[in-house]
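A.B. asks: What follows is a single structure, and I will ask about it in a moment.
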Amino acid sequence: MEYNKWVADLEVGDEIEGFYILKTAQIKTSNSGKPFLAAAMADRSGAIDAKCWDYGGPLGAQDEGTVVKLRGAVSEYRGTLQLIISRIRPVQADDRYSLGDLVPAAPIDAEAGWRELLEMAEGIRDQDYRAVCQKVLEQNGERFRMLPGGKSMHHSFLSGLLMHTLYMARTADYLAGLYADVVDRDLLLAGTILHDVAKCREFVTSPLGLVTEYSVPGELLGHLVMGAQAVADAARELGVPEEKSLLLQHMLLSHHGDPEFGAAVRPMCAEAELLSMIDLIDSRMEIYKETMEETAVGRFSKRVLALDKKIYRHK
């Protein structure tokens with residue numbers, strides 16, 4: 001029995017006990033009619049799918065993002081490691097564990113990354129786009145720096161939103177130079193930096209800082225609409241010309257590319273089109289990275305919902 005073994009180091013046959021984060025949790029019913037817990041357990045090194053058979057609670061979806069103590073054994077299912085839990089409970093007041101070992105964080109220096117993003121905003125030459133960008137960032141700064149980029153799909157670790165935005169902004173800056181005769185760099189960069197800023201209002205986070213659910217405004221409006229509202233409010237307060245405000249709002253409303261994927265409208269200018277592609281590139285590359293970390297070399301992953309396919313991890 002190994003105690004608090006890193007998820008990234010788990011191998012078939014390992015028997016473990018210790019403290020982990022209940023990343024996702026659902027009580028389901030087996031073919032035999034018995035309840036079981038379908039979950040993902042995590043520490044800062046990664047995550048692993050888990051099952052606890054003949055289990056109907058008390059732990060469930062309401063406990064996602066909290067720390068639990070468990071005992072279990074690692075097996076393999078369809079080429080992917082799976083943890084079969086034999087015992088699991090919420091943490092108790094006298095339990096001793098280190099949060100620093102459990103909470104996954106972006107593999108970047110968050111403070112340096114935040115400074116770089118602010119410098120990129122400062123480098124927007126158009127004073128109107130720059131002013132809106134800086135004002136909205138200032139309104140969301142502390143939460144923006146620490147917030148995960150999502151609940152489970154990609155960048156779902158502390159400072160994931162910052163990492164995602166920073167990588168996208170770097171890409172946008174490069175592509176704006178490559179397509180300078182088509183793209184307004186200032187509009188593209190401002191839209192990129194702000195594209196997900198309303199996730200600060202969309203997500204509800206646990207005491208650990210991980211996303212547990214969507215807020216009421218997040219469910220009813222979503223971060224695209226709320227982001228456009230924040231841009232409109234800032235632009236109005238700053239006296240920004242209406243067309244610039246509309247263009248920047250359009251960037252946020254259309255950055256998912258197509259209504260099928262959650263966009264409020266389809267991209268209708270070159271900058272909006274490019275932003276949607278940059279967002280897709282960065283999110284999919286992170287999904288590939290996270291999936292490959294859980295897939296053995298020379299094997300196919302399980303079907304990845306966000307990609308609608310399996311992927312192959314080559315040498």
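Within each chain, counting starts at residue 1; across the structure tokens, chains are named A, B, ... in the order shown, with ligands numbered 1 upward in that order.
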Mind checking which residues fall within 10 Å of Gly191 of chain A, counting only C-alpha atoms, ignoring those fewer than 3 positions away in the same chain, and posting them as a PyMOL selection string?
C.D. replies: chain A and resi 129+133+169+172+185-188+194-196+231+247-252+255+271-272+275
A.B. asks: Write out as a ChimeraX atom specification which residues come within 9 Å of Leu210 of chain A when counting only C-alpha atoms, dropping same-chain ones fewer than 5 positions away.
C.D. replies: /A:23,64-66,103-104,147-148,150-151,156-158,204-205
A.B. asks: Using only C-alpha atoms, which of A:Val7, A:Ala230, A:Asp128, A:Ala40 sits nearest Ala61 of chain A?
C.D. replies: A:Ala40
A.B. asks: Name the residues in contact with Lys302 of chain A at a cut-off of 10 Å, using only C-alpha atoms, excluding same-chain residues fewer than 5 positions from it; report them as an NGL selection string.
C.D. replies: :A and (77-80 or 291 or 294-295 or 309-312)
A.B. asks: Using only N, CA and C atoms, please write the residues we just selected to a file, as a short mmCIF file (atom, residue, chain, number, x, y, z; two decimals), in the first residue's frame.
C.D. replies:
```cif
data_model
loop_
_atom_site.label_atom_id
_atom_site.label_comp_id
_atom_site.auth_asym_id
_atom_site.auth_seq_id
_atom_site.Cartn_x
_atom_site.Cartn_y
_atom_site.Cartn_z
N TYR A 77 -8.35 -0.07 -18.19
CA TYR A 77 -9.61 -0.27 -18.89
C TYR A 77 -9.52 0.40 -20.25
N ARG A 78 -9.60 -0.40 -21.29
CA ARG A 78 -9.52 0.10 -22.66
C ARG A 78 -8.27 0.95 -22.89
N GLY A 79 -7.17 0.46 -22.38
CA GLY A 79 -5.89 1.12 -22.61
C GLY A 79 -5.61 2.32 -21.73
N THR A 80 -6.50 2.59 -20.76
CA THR A 80 -6.34 3.75 -19.89
C THR A 80 -6.37 3.32 -18.44
N THR A 291 -4.61 14.63 -22.53
CA THR A 291 -4.97 13.26 -22.89
C THR A 291 -3.73 12.40 -23.06
N GLU A 294 -2.23 10.89 -20.02
CA GLU A 294 -2.97 9.78 -19.43
C GLU A 294 -2.98 8.55 -20.34
N THR A 295 -2.25 8.61 -21.46
CA THR A 295 -2.27 7.54 -22.45
C THR A 295 -0.86 6.97 -22.62
N LYS A 309 -13.37 11.96 -30.66
CA LYS A 309 -12.54 10.90 -31.24
C LYS A 309 -11.51 10.42 -30.22
N LYS A 310 -10.86 9.33 -30.57
CA LYS A 310 -9.69 8.88 -29.83
C LYS A 310 -8.46 9.56 -30.42
N ILE A 311 -7.37 9.61 -29.67
CA ILE A 311 -6.11 10.08 -30.24
C ILE A 311 -5.03 9.05 -29.99
N TYR A 312 -4.00 9.10 -30.80
CA TYR A 312 -2.89 8.14 -30.70
C TYR A 312 -1.66 8.84 -30.14
#
```
A.B. asks: Would you give me, as number ranges by chain, the residues in segment 126-267 of chain A that DSSP reads as strand (DSSP E)?
C.D. replies: A: 203-205, 211-214
A.B. asks: Could you go through segment 150-246 of chain A and tell me which residues DSSP, when run on the backbone, assigns to helix (DSSP H, G or I), listing them as a PyMOL selection string?
C.D. replies: chain A and resi 160-178+185-194+199-202+216-220+222-238+242-246
A.B. asks: Export C-alpha atoms of the chosen residues as a CSV table (one decimal), in the first residue's frame?
C.D. replies:
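In the end it all went to result.csv:
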```
chain,number,residue,atom,x,y,z
A,160,GLY,CA,-5.6,28.0,-16.3
A,161,LEU,CA,-7.6,31.0,-17.6
A,162,LEU,CA,-4.5,33.2,-17.5
A,163,MET,CA,-2.3,30.6,-19.2
A,164,HIS,CA,-5.0,30.0,-22.0
A,165,THR,CA,-5.3,33.8,-22.5
A,166,LEU,CA,-1.6,34.5,-22.5
A,167,TYR,CA,-0.8,31.7,-25.0
A,168,MET,CA,-3.6,32.9,-27.2
A,169,ALA,CA,-2.4,36.6,-27.0
A,170,ARG,CA,1.1,35.5,-28.0
A,171,THR,CA,-0.3,33.7,-31.0
A,172,ALA,CA,-2.6,36.6,-31.9
A,173,ASP,CA,0.3,39.0,-31.8
A,174,TYR,CA,2.3,36.8,-34.2
A,175,LEU,CA,-0.5,36.2,-36.6
A,176,ALA,CA,-1.5,39.9,-36.7
A,177,GLY,CA,2.0,40.6,-38.1
A,178,LEU,CA,1.7,37.8,-40.6
A,185,ARG,CA,-3.7,44.0,-34.6
A,186,ASP,CA,-5.2,46.2,-31.9
A,187,LEU,CA,-8.7,44.9,-32.3
A,188,LEU,CA,-7.5,41.3,-32.5
A,189,LEU,CA,-5.3,41.6,-29.4
A,190,ALA,CA,-7.9,43.4,-27.3
A,191,GLY,CA,-10.5,40.8,-28.2
A,192,THR,CA,-8.1,38.0,-27.5
A,193,ILE,CA,-7.2,39.3,-24.1
A,194,LEU,CA,-10.8,39.8,-23.1
A,199,LYS,CA,-15.6,33.4,-16.9
A,200,CYS,CA,-14.7,35.3,-13.7
A,201,ARG,CA,-18.5,35.6,-13.2
A,202,GLU,CA,-19.6,32.5,-15.0
A,216,VAL,CA,-26.9,31.6,-12.1
A,217,PRO,CA,-25.8,34.4,-14.5
A,218,GLY,CA,-23.3,31.9,-16.0
A,219,GLU,CA,-26.1,29.4,-16.7
A,220,LEU,CA,-28.6,32.0,-18.0
A,222,GLY,CA,-22.9,32.6,-20.4
A,223,HIS,CA,-19.4,34.2,-20.5
A,224,LEU,CA,-19.8,35.4,-24.1
A,225,VAL,CA,-22.8,37.5,-23.4
A,226,MET,CA,-21.5,38.7,-20.0
A,227,GLY,CA,-18.2,39.6,-21.6
A,228,ALA,CA,-19.8,41.6,-24.3
A,229,GLN,CA,-21.9,43.4,-21.6
A,230,ALA,CA,-18.7,44.2,-19.7
A,231,VAL,CA,-17.1,45.6,-22.8
A,232,ALA,CA,-20.1,47.7,-23.7
A,233,ASP,CA,-20.3,49.1,-20.2
A,234,ALA,CA,-16.6,50.0,-20.1
A,235,ALA,CA,-16.7,51.5,-23.6
A,236,ARG,CA,-19.7,53.6,-22.7
A,237,GLU,CA,-18.0,54.9,-19.5
A,238,LEU,CA,-14.8,55.7,-21.4
A,242,GLU,CA,-19.9,53.0,-30.9
A,243,GLU,CA,-18.4,51.1,-33.9
A,244,LYS,CA,-15.3,50.2,-31.9
A,245,SER,CA,-17.4,49.1,-29.0
A,246,LEU,CA,-19.6,46.9,-31.3
```
A.B. asks: Kindly give the distance, in Å, that separates atom CA of Glu213 of chain A and atom CA of Met41 of chain A, rounded to a single decimal.
C.D. replies: 16.9 Å
A.B. asks: Show me, as a list in words, the residues that have an atom within 12 Å of Gln82 of chain A when counting only C-alpha atoms, minus same-chain residues fewer than 5 positions from it.
C.D. replies: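 Returned residues: Val7, Leu10, Glu11, Val12, Gly13, Asp14, Glu15, Ala38, Ala39, Ala40, Met41, Ala47, Ile48, Asp49, Ala50, Lys51, Cys52, Gly72, Ala73, Val74, Ser75, Glu76, Tyr77, Glu294, Thr295 and Lys302 of chain A.
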A.B. asks: Provide the atom CA of Phe144 of chain A to atom CA of Ser159 of chain A distance in Å, to one decimal place.
C.D. replies: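 According to the coordinates, atom CA of Phe144 of chain A and atom CA of Ser159 of chain A are separated by 7.6 Å.
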A.B. asks: Can you measure atom CA of Val91 of chain A to atom CA of Gln26 of chain A for me? One decimal in Å is fine.
C.D. replies: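 Straight-line distance from atom CA of Val91 of chain A to atom CA of Gln26 of chain A works out to 18.6 Å.
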A.B. asks: Could you pull the residues within 9 Å of Trp6 of chain A, counting only C-alpha atoms, minus those fewer than 3 positions along the same chain, as a PyMOL selection string?
C.D. replies: chain A and resi 9-10+42-46+101
A.B. asks: Mind dumping the selected residues with C-alpha atoms as a compact mmCIF listing (two decimals), in the first residue's frame?
C.D. replies:
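Final file, result-v6.txt:
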```
# COMPACT_ATOMS: atom_id res chain seq x y z
CA ASP A 9 3.18 8.00 -11.17
CA LEU A 10 0.35 5.49 -10.83
CA ALA A 42 -6.76 14.41 -9.06
CA ASP A 43 -3.74 15.90 -7.43
CA ARG A 44 -1.46 18.56 -8.81
CA SER A 45 0.29 16.01 -11.05
CA GLY A 46 -2.80 14.96 -13.00
CA ASP A 101 0.30 18.66 -3.19
```
A.B. asks: Between A:Gly33, A:Gly257, A:Ala263, A:Leu70, which has the minimum distance to Glu17 of chain A (counting only C-alpha atoms)?
C.D. replies: A:Leu70
A.B. asks: Leaving out Asp308 of chain A and any residue of its chain fewer than 4 positions from it, which residues lie within 12 Å of it when counting only C-alpha atoms, given as an MDAnalysis selection string?
C.D. replies: chainID A and resid 284 287 301:304
